[in-house]
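K.L.:
First the structure, then my questions, so here it is.
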Number of protein chains: 2
Amino acid sequence: MPVQSGSPIEIVTLDWVPDFARGYVRDFRVRWALEEAGIGYRTDPVSTVARPAAYFAEQPFGQVPAYREGAVRMFESGAIVLHIAERSEALLPRDAVGRARALSWAVAALNSVEPMLMELATVDRFAQGEEWARLRRPSLVADVEKRLGQLAAALGTRDYLEGRFTAGDLLMASALRMLDHTDMLAAHPLLAAYQQRCLARPAFLAAIEAQLAELRIEMPEPA
Amino acid sequence: MPVQSGSPIEIVTLDWVPDFARGYVRDFRVRWALEEAGIGYRTDPVSTVARPAAYFAEQPFGQVPAYREGAVRMFESGAIVLHIAERSEALLPRDAVGRARALSWAVAALNSVEPMLMELATVDRFAQGEEWARLRRPSLVADVEKRLGQLAAALGTRDYLEGRFTAGDLLMASALRMLDHTDMLAAHPLLAAYQQRCLARPAFLAAIEAQLAELRIEMPEPA
């Protein structure tokens with residue numbers, strides 16, 4: 001579903017990011033969920049270099065995305081994805097058992113997988129060259145490798161974590177993209193194939209294309 | 001609601017933990033949610049020192065808690081709390097706007113607050129004495145202080161994050177307990193009072209009491 005100027009759903013995005021973050025700004029998760037659900041949306045880019053102070057009243061940490069829909073105001077991409085999932089069987093099975101499994105995987109992605117990958121991103125990018133990052137990396141990589149092995153074991157030979165695609169896969173594959181600067185998934189061929197399967201979905205490709213189309217190439221002048 | 005041997009809800013807990021973890025094992029979050037909702041439960045402690053290999057089929061990372069209810073099988077305390085919240089207005093407002101806010105805060109706790117507090121716990125406890133931890137701590141503490149300031153600003157003078165208690169507060173207060181070994185909350189008196197308010201709730205106190213009553217004092221012999 002393309003961006004629709006008349007949609008009642010509005011996502012707050014960024015107007016510009018450095019090259020390494022293009023296609024990775026977290027609004028892609030919400031765009032992806034909306035594409036899977038077949039729900040249109042419009043966007044309201046906020047300034048990256050001069051985030052308006054008023055935006056913190058909407059997003060306590062100044063992050064993107066935020067989500068507006070009538071009187072509903074949400075923040076945290078994981079929460080927004082779960083909110084969208086509640087209205088689409090494409091993201092959340094209707095039966096209680098399947099729904100509970102999808103929710104378990106969604107939170108596993110957010111709280112048991114992504115945190116150590118965020119830490120690795122800090123070590124490899126934001127703290128690159130710092131002595132603590134160099135000393136920390138081996139034990140952190142060992143932790144990540146262990147977690148990936150556990151995830152691969154849980155996936156087994158299934159196409160998706162519970163057989164069919166859910167919001168849990170959307171959030172897990174989104175988290176695993178934080179390893180794109182490494183070759184760590186290659187050690188687990190079935191998990192790597194799972195990741196490729198998630199990222200080959202038309203809804204994901206449309207989400208990334210839409211994000212890239214809206215991000216400015218040149219850093220805007222500060223206001 | 002006390003532990004009830006006949007309850008259809010079963011939580012997998014640990015049988016023993018080191019002293020520093022007593023009262024902090026993550027099943028307290030699920031016990032707390034069930035207490036708030038007035039729903040009874042029973043427990044099935046798994047061995048801490050010799051986690052059965054079969055348990056990984058139920059909890060991919062070998063963590064506790066896991067949750068069983070009829071054919072429903074869940075893992076991740078955050079997911080289980082949200083699952084319980086869906087059946088109790090004590091944890092989740094019935095209106096769409098309030099529900100979306102509670103969900104936003106729940107995921108903020110899990111994905112934007114807890115990860116850096118987990119990292120601080122690693123630095124201060126599990127990697128204590130390591131050179132990288134010593135070098136990392138100042139920048140991490142600065143990040144945590146900034147996030148706490150943002151959280152305090154969002155809370156303002158309200159009793160709870162959205163005025164009334166929700167699953168979002170339950171998960172936020174649970175995450176903030178990871179700072180119990182520090183005095184970092186003291187810099188934000190309203191946030192510190194919020195935390196005390198959450199942890200003074202009878203449901204929280206009952207949850208901790210129940211966890212402590214079931215944990216063995218002495219480390220069991222490995223099987």
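Note on naming: chains are A, B, ... as they come in the structure tokens, residues start from 1 per chain, ligands start from 1 in the order shown.
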Can you list, as a list in words, every residue of range 7-185 of chain A that DSSP puts in strand (DSSP E)?
P.N.:
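Checking each residue of range 7-185 of chain A, the strand (DSSP E) ones are Ile9, Glu10, Ile11, Val12, Thr13, Leu14, Arg42, Thr43, Asp44, Pro45, Val46, Ala66, Tyr67, Arg68, Glu69, Val72, Arg73, Met74 and Phe75 of chain A.
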K.L.:
Hey, can you spit out that residue selection with N, CA and C atoms as a tab-separated table (two decimals), in the first residue's frame?
P.N.:
chain	number	residue	atom	x	y	z
A	9	ILE	N	-3.88	7.69	9.12
A	9	ILE	CA	-2.70	7.27	9.89
A	9	ILE	C	-1.49	8.08	9.46
A	10	GLU	N	-0.82	8.68	10.44
A	10	GLU	CA	0.37	9.48	10.15
A	10	GLU	C	1.54	8.96	10.98
A	11	ILE	N	2.68	8.79	10.31
A	11	ILE	CA	3.90	8.33	10.98
A	11	ILE	C	4.91	9.47	10.98
A	12	VAL	N	5.48	9.73	12.14
A	12	VAL	CA	6.56	10.71	12.21
A	12	VAL	C	7.86	10.02	11.84
A	13	THR	N	8.54	10.58	10.85
A	13	THR	CA	9.80	10.02	10.35
A	13	THR	C	10.89	11.09	10.47
A	14	LEU	N	12.10	10.76	10.05
A	14	LEU	CA	13.19	11.74	10.01
A	14	LEU	C	13.32	12.31	8.60
A	42	ARG	N	0.35	8.17	5.84
A	42	ARG	CA	1.14	9.31	5.36
A	42	ARG	C	2.24	9.57	6.38
A	43	THR	N	3.17	10.44	6.04
A	43	THR	CA	4.31	10.66	6.93
A	43	THR	C	4.45	12.14	7.24
A	44	ASP	N	5.10	12.41	8.35
A	44	ASP	CA	5.37	13.79	8.77
A	44	ASP	C	6.82	13.83	9.24
A	45	PRO	N	7.74	14.13	8.33
A	45	PRO	CA	9.16	14.09	8.70
A	45	PRO	C	9.50	15.20	9.69
A	46	VAL	N	10.28	14.84	10.71
A	46	VAL	CA	10.74	15.80	11.70
A	46	VAL	C	12.23	16.03	11.44
A	66	ALA	N	6.92	8.07	15.59
A	66	ALA	CA	5.74	8.20	16.42
A	66	ALA	C	4.56	7.95	15.50
A	67	TYR	N	3.39	7.79	16.08
A	67	TYR	CA	2.22	7.32	15.31
A	67	TYR	C	1.00	8.09	15.76
A	68	ARG	N	0.25	8.59	14.78
A	68	ARG	CA	-0.96	9.36	15.06
A	68	ARG	C	-2.11	8.77	14.26
A	69	GLU	N	-3.20	8.59	14.93
A	69	GLU	CA	-4.39	8.03	14.25
A	69	GLU	C	-5.60	8.51	15.03
A	72	VAL	N	-5.53	8.66	18.87
A	72	VAL	CA	-4.47	7.74	19.32
A	72	VAL	C	-3.10	8.37	19.04
A	73	ARG	N	-2.24	8.35	20.05
A	73	ARG	CA	-0.86	8.83	19.92
A	73	ARG	C	0.05	7.75	20.50
A	74	MET	N	0.90	7.19	19.65
A	74	MET	CA	1.78	6.12	20.11
A	74	MET	C	3.24	6.44	19.82
A	75	PHE	N	4.12	5.77	20.55
A	75	PHE	CA	5.54	5.82	20.25
A	75	PHE	C	6.10	4.43	20.49
K.L.:
Using only C-alpha atoms, which residues of chain B come within 9 Å of chain A, and what is the closest atom pair for each, with the distance in Å to one decimal? Give it as a tab-separated table, sorted by chain and residue number.
P.N.:
residue	atom	partner	partner_atom	distance
B:Phe56	CA	A:Ala154	CA	8.2
B:Ala57	CA	A:Ala154	CA	7.1
B:Gln59	CA	A:Ala154	CA	8.8
B:Pro60	CA	A:Ala154	CA	5.9
B:Phe61	CA	A:Gln150	CA	6.0
B:Gly62	CA	A:Gln150	CA	8.9
B:Ala71	CA	A:Val97	CA	6.5
B:Val72	CA	A:Val97	CA	4.9
B:Arg73	CA	A:Arg101	CA	7.0
B:Met74	CA	A:Ser104	CA	5.8
B:Phe75	CA	A:Ser104	CA	5.5
B:Glu76	CA	A:Ser104	CA	5.9
B:Ser77	CA	A:Val107	CA	8.5
B:Gly78	CA	A:Val107	CA	6.4
B:Ala79	CA	A:Ser104	CA	5.2
B:Ile80	CA	A:Ser104	CA	7.4
B:Leu82	CA	A:Leu103	CA	8.5
B:His83	CA	A:Ala100	CA	7.1
B:Ala96	CA	A:Val72	CA	7.2
B:Val97	CA	A:Val72	CA	4.9
B:Gly98	CA	A:Val72	CA	8.2
B:Ala100	CA	A:Met74	CA	6.2
B:Arg101	CA	A:Met74	CA	6.1
B:Leu103	CA	A:Ala79	CA	5.8
B:Ser104	CA	A:Ala79	CA	5.2
B:Trp105	CA	A:Glu76	CA	8.1
B:Ala106	CA	A:Ala79	CA	7.8
B:Val107	CA	A:Ala79	CA	5.6
B:Ala108	CA	A:Glu76	CA	6.0
B:Leu110	CA	A:Asn111	CA	5.7
B:Asn111	CA	A:Leu110	CA	5.7
B:Ser112	CA	A:Glu76	CA	8.2
B:Glu114	CA	A:Asn111	CA	8.1
B:Pro115	CA	A:Pro115	CA	5.3
B:Met116	CA	A:Pro115	CA	8.1
B:Met118	CA	A:Pro115	CA	8.6
B:Glu119	CA	A:Glu119	CA	8.1
B:Glu131	CA	A:Trp132	CA	7.4
B:Trp132	CA	A:Trp132	CA	4.4
B:Ala133	CA	A:Trp132	CA	7.2
B:Arg134	CA	A:Trp132	CA	8.2
B:Leu135	CA	A:Trp132	CA	5.5
B:Arg136	CA	A:Trp132	CA	5.7
B:Arg147	CA	A:Phe61	CA	7.1
B:Gln150	CA	A:Pro60	CA	5.9
B:Leu151	CA	A:Pro60	CA	6.6
B:Ala153	CA	A:Pro60	CA	7.8
B:Ala154	CA	A:Pro60	CA	5.9
K.L.:
How would the residues just chosen look if you wrote them out with C-alpha atoms as a PDB file, in the first residue's frame?
P.N.:
ATOM      1  CA  PHE B  56      14.847 -25.030  25.712  1.00  0.00           C
ATOM      2  CA  ALA B  57      12.017 -26.354  23.553  1.00  0.00           C
ATOM      3  CA  GLN B  59      11.961 -21.272  26.309  1.00  0.00           C
ATOM      4  CA  PRO B  60      14.444 -20.824  23.432  1.00  0.00           C
ATOM      5  CA  PHE B  61      17.016 -19.066  25.615  1.00  0.00           C
ATOM      6  CA  GLY B  62      16.566 -21.200  28.731  1.00  0.00           C
ATOM      7  CA  ALA B  71      -2.798 -25.110  25.056  1.00  0.00           C
ATOM      8  CA  VAL B  72      -1.189 -21.671  25.367  1.00  0.00           C
ATOM      9  CA  ARG B  73       2.601 -21.722  25.801  1.00  0.00           C
ATOM     10  CA  MET B  74       4.371 -18.402  26.217  1.00  0.00           C
ATOM     11  CA  PHE B  75       7.808 -17.079  27.058  1.00  0.00           C
ATOM     12  CA  GLU B  76       9.284 -13.598  27.690  1.00  0.00           C
ATOM     13  CA  SER B  77       7.961 -11.948  30.836  1.00  0.00           C
ATOM     14  CA  GLY B  78       7.035  -8.789  28.907  1.00  0.00           C
ATOM     15  CA  ALA B  79       4.866 -10.759  26.493  1.00  0.00           C
ATOM     16  CA  ILE B  80       3.229 -12.688  29.316  1.00  0.00           C
ATOM     17  CA  LEU B  82       0.801  -8.050  28.011  1.00  0.00           C
ATOM     18  CA  HIS B  83      -1.140 -11.297  27.557  1.00  0.00           C
ATOM     19  CA  ALA B  96      -8.362   2.519  22.322  1.00  0.00           C
ATOM     20  CA  VAL B  97      -6.472   5.669  23.275  1.00  0.00           C
ATOM     21  CA  GLY B  98      -5.543   4.493  26.762  1.00  0.00           C
ATOM     22  CA  ALA B 100      -2.328   2.428  22.909  1.00  0.00           C
ATOM     23  CA  ARG B 101      -0.591   4.587  25.524  1.00  0.00           C
ATOM     24  CA  LEU B 103       1.304  -0.456  25.093  1.00  0.00           C
ATOM     25  CA  SER B 104       3.687   2.354  24.112  1.00  0.00           C
ATOM     26  CA  TRP B 105       5.037   2.586  27.654  1.00  0.00           C
ATOM     27  CA  ALA B 106       5.288  -1.184  28.003  1.00  0.00           C
ATOM     28  CA  VAL B 107       7.501  -1.415  24.922  1.00  0.00           C
ATOM     29  CA  ALA B 108       9.428   1.724  25.936  1.00  0.00           C
ATOM     30  CA  LEU B 110      11.371  -3.234  27.293  1.00  0.00           C
ATOM     31  CA  ASN B 111      13.241  -1.705  24.376  1.00  0.00           C
ATOM     32  CA  SER B 112      14.313   1.869  25.259  1.00  0.00           C
ATOM     33  CA  GLU B 114      15.743  -1.771  30.116  1.00  0.00           C
ATOM     34  CA  PRO B 115      18.502  -2.501  27.550  1.00  0.00           C
ATOM     35  CA  MET B 116      20.819   0.215  28.883  1.00  0.00           C
ATOM     36  CA  MET B 118      20.886  -4.420  31.592  1.00  0.00           C
ATOM     37  CA  GLU B 119      24.156  -3.165  30.140  1.00  0.00           C
ATOM     38  CA  GLU B 131      39.101  -3.185  32.301  1.00  0.00           C
ATOM     39  CA  TRP B 132      36.488  -2.657  29.577  1.00  0.00           C
ATOM     40  CA  ALA B 133      33.777  -2.304  32.220  1.00  0.00           C
ATOM     41  CA  ARG B 134      35.774   0.341  34.091  1.00  0.00           C
ATOM     42  CA  LEU B 135      36.390   2.282  30.869  1.00  0.00           C
ATOM     43  CA  ARG B 136      32.826   1.902  29.608  1.00  0.00           C
ATOM     44  CA  ARG B 147      17.247   8.612  29.613  1.00  0.00           C
ATOM     45  CA  GLN B 150      13.637  12.165  29.678  1.00  0.00           C
ATOM     46  CA  LEU B 151      11.502   9.674  31.576  1.00  0.00           C
ATOM     47  CA  ALA B 153      10.123  14.842  32.143  1.00  0.00           C
ATOM     48  CA  ALA B 154       7.465  12.608  30.565  1.00  0.00           C
TER      49      ALA B 154
END
K.L.:
Return as a PyMOL selection string the full set of residues in chain A whose backbone-based DSSP assignment is alpha helix (DSSP H).
P.N.:
chain A and resi 27-37+77-85+96-108+114-121+131-155+167-176+189-199+202-214
K.L.:
Quick one: distance from CA of Ile84 in chain A to CA of Val30 in chain A in Å, one decimal?
P.N.:
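Pair CA of Ile84 in chain A / CA of Val30 in chain A returns 8.3 Å.
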K.L.:
Which residues, written as an mmCIF file with N, CA and C atoms, in the first residue's frame, have at least one atom at most 12 Å from Ala210 in chain B, with only C-alpha atoms counted and residues fewer than 6 positions away on the same chain left out?
P.N.:
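Saved as around_38.cif:
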data_model
loop_
_atom_site.group_PDB
_atom_site.id
_atom_site.type_symbol
_atom_site.label_atom_id
_atom_site.label_comp_id
_atom_site.auth_asym_id
_atom_site.auth_seq_id
_atom_site.Cartn_x
_atom_site.Cartn_y
_atom_site.Cartn_z
ATOM 1 N N MET B 1 -3.748 -12.320 45.006
ATOM 2 C CA MET B 1 -4.248 -13.706 44.849
ATOM 3 C C MET B 1 -3.080 -14.654 45.141
ATOM 4 N N PRO B 2 -3.236 -15.531 46.101
ATOM 5 C CA PRO B 2 -2.100 -16.403 46.432
ATOM 6 C C PRO B 2 -1.891 -17.474 45.366
ATOM 7 N N VAL B 3 -0.733 -18.124 45.474
ATOM 8 C CA VAL B 3 -0.486 -19.288 44.635
ATOM 9 C C VAL B 3 -1.570 -20.319 44.945
ATOM 10 N N GLN B 4 -2.174 -20.852 43.887
ATOM 11 C CA GLN B 4 -3.290 -21.796 44.053
ATOM 12 C C GLN B 4 -2.952 -23.092 43.325
ATOM 13 N N THR B 13 9.366 -21.206 37.100
ATOM 14 C CA THR B 13 10.254 -20.358 37.892
ATOM 15 C C THR B 13 11.585 -21.085 38.102
ATOM 16 N N ARG B 22 17.702 -12.734 44.510
ATOM 17 C CA ARG B 22 16.463 -13.092 45.219
ATOM 18 C C ARG B 22 15.494 -11.904 45.191
ATOM 19 N N GLY B 23 14.282 -12.152 44.732
ATOM 20 C CA GLY B 23 13.295 -11.081 44.591
ATOM 21 C C GLY B 23 13.383 -10.372 43.248
ATOM 22 N N TYR B 24 14.385 -10.733 42.448
ATOM 23 C CA TYR B 24 14.579 -10.076 41.157
ATOM 24 C C TYR B 24 14.404 -11.021 39.969
ATOM 25 N N VAL B 25 14.194 -12.310 40.215
ATOM 26 C CA VAL B 25 13.996 -13.238 39.097
ATOM 27 C C VAL B 25 12.747 -12.792 38.339
ATOM 28 N N ASP B 27 10.244 -13.902 36.957
ATOM 29 C CA ASP B 27 8.869 -14.355 37.176
ATOM 30 C C ASP B 27 8.111 -13.379 38.085
ATOM 31 N N PHE B 28 8.835 -12.505 38.821
ATOM 32 C CA PHE B 28 8.105 -11.557 39.681
ATOM 33 C C PHE B 28 7.203 -10.648 38.851
ATOM 34 N N ARG B 29 7.604 -10.374 37.608
ATOM 35 C CA ARG B 29 6.789 -9.495 36.762
ATOM 36 C C ARG B 29 5.447 -10.148 36.424
ATOM 37 N N VAL B 30 5.514 -11.431 36.151
ATOM 38 C CA VAL B 30 4.281 -12.158 35.811
ATOM 39 C C VAL B 30 3.424 -12.350 37.061
ATOM 40 N N ARG B 31 4.057 -12.692 38.185
ATOM 41 C CA ARG B 31 3.308 -12.806 39.450
ATOM 42 C C ARG B 31 2.628 -11.477 39.768
ATOM 43 N N TRP B 32 3.363 -10.379 39.573
ATOM 44 C CA TRP B 32 2.822 -9.047 39.857
ATOM 45 C C TRP B 32 1.585 -8.774 38.986
ATOM 46 N N LEU B 34 -0.407 -10.907 37.582
ATOM 47 C CA LEU B 34 -1.518 -11.781 37.986
ATOM 48 C C LEU B 34 -2.138 -11.292 39.290
ATOM 49 N N GLU B 35 -1.302 -10.790 40.200
ATOM 50 C CA GLU B 35 -1.827 -10.230 41.451
ATOM 51 C C GLU B 35 -2.690 -8.999 41.163
ATOM 52 N N GLY B 40 -5.324 -16.288 40.017
ATOM 53 C CA GLY B 40 -4.447 -17.233 40.711
ATOM 54 C C GLY B 40 -3.538 -17.977 39.752
ATOM 55 N N TYR B 41 -2.486 -18.568 40.290
ATOM 56 C CA TYR B 41 -1.529 -19.307 39.462
ATOM 57 C C TYR B 41 -0.806 -20.320 40.323
ATOM 58 N N ARG B 42 -0.190 -21.283 39.663
ATOM 59 C CA ARG B 42 0.722 -22.184 40.358
ATOM 60 C C ARG B 42 2.079 -22.104 39.676
ATOM 61 N N THR B 43 3.076 -22.684 40.291
ATOM 62 C CA THR B 43 4.427 -22.570 39.751
ATOM 63 C C THR B 43 5.036 -23.952 39.540
ATOM 64 N N ALA B 203 0.009 -5.632 45.224
ATOM 65 C CA ALA B 203 0.234 -6.713 44.255
ATOM 66 C C ALA B 203 1.729 -6.958 44.040
ATOM 67 N N PHE B 204 2.523 -5.889 44.022
ATOM 68 C CA PHE B 204 3.972 -6.059 43.893
ATOM 69 C C PHE B 204 4.532 -6.762 45.122
#
K.L.:
Hey, what's within 8 Å of Ala37 in chain B if we count only C-alpha atoms and toss same-chain stuff fewer than 6 positions away? As JSON, numbers by chain, please?
P.N.:
{"B": [84, 85, 87, 88, 89, 90, 91]}
K.L.:
Would you put the residues from that selection into a file with C-alpha atoms, as an mmCIF file, in the first residue's frame?
P.N.:
data_model
loop_
_atom_site.group_PDB
_atom_site.id
_atom_site.type_symbol
_atom_site.label_atom_id
_atom_site.label_comp_id
_atom_site.auth_asym_id
_atom_site.auth_seq_id
_atom_site.Cartn_x
_atom_site.Cartn_y
_atom_site.Cartn_z
ATOM 1 C CA ILE B 84 -2.459 -11.100 31.125
ATOM 2 C CA ALA B 85 -3.166 -7.380 30.686
ATOM 3 C CA ARG B 87 -7.945 -9.740 30.282
ATOM 4 C CA SER B 88 -7.853 -7.153 33.045
ATOM 5 C CA GLU B 89 -8.754 -3.490 33.039
ATOM 6 C CA ALA B 90 -6.541 -3.202 36.128
ATOM 7 C CA LEU B 91 -3.586 -3.439 33.714
#
K.L.:
Identify which of the residues B:Gly129, B:Glu209, B:Arg197, B:Thr166 lies closest to Glu86 in chain B, counting only C-alpha atoms when measuring atom-to-atom distances.
P.N.:
B:Thr166
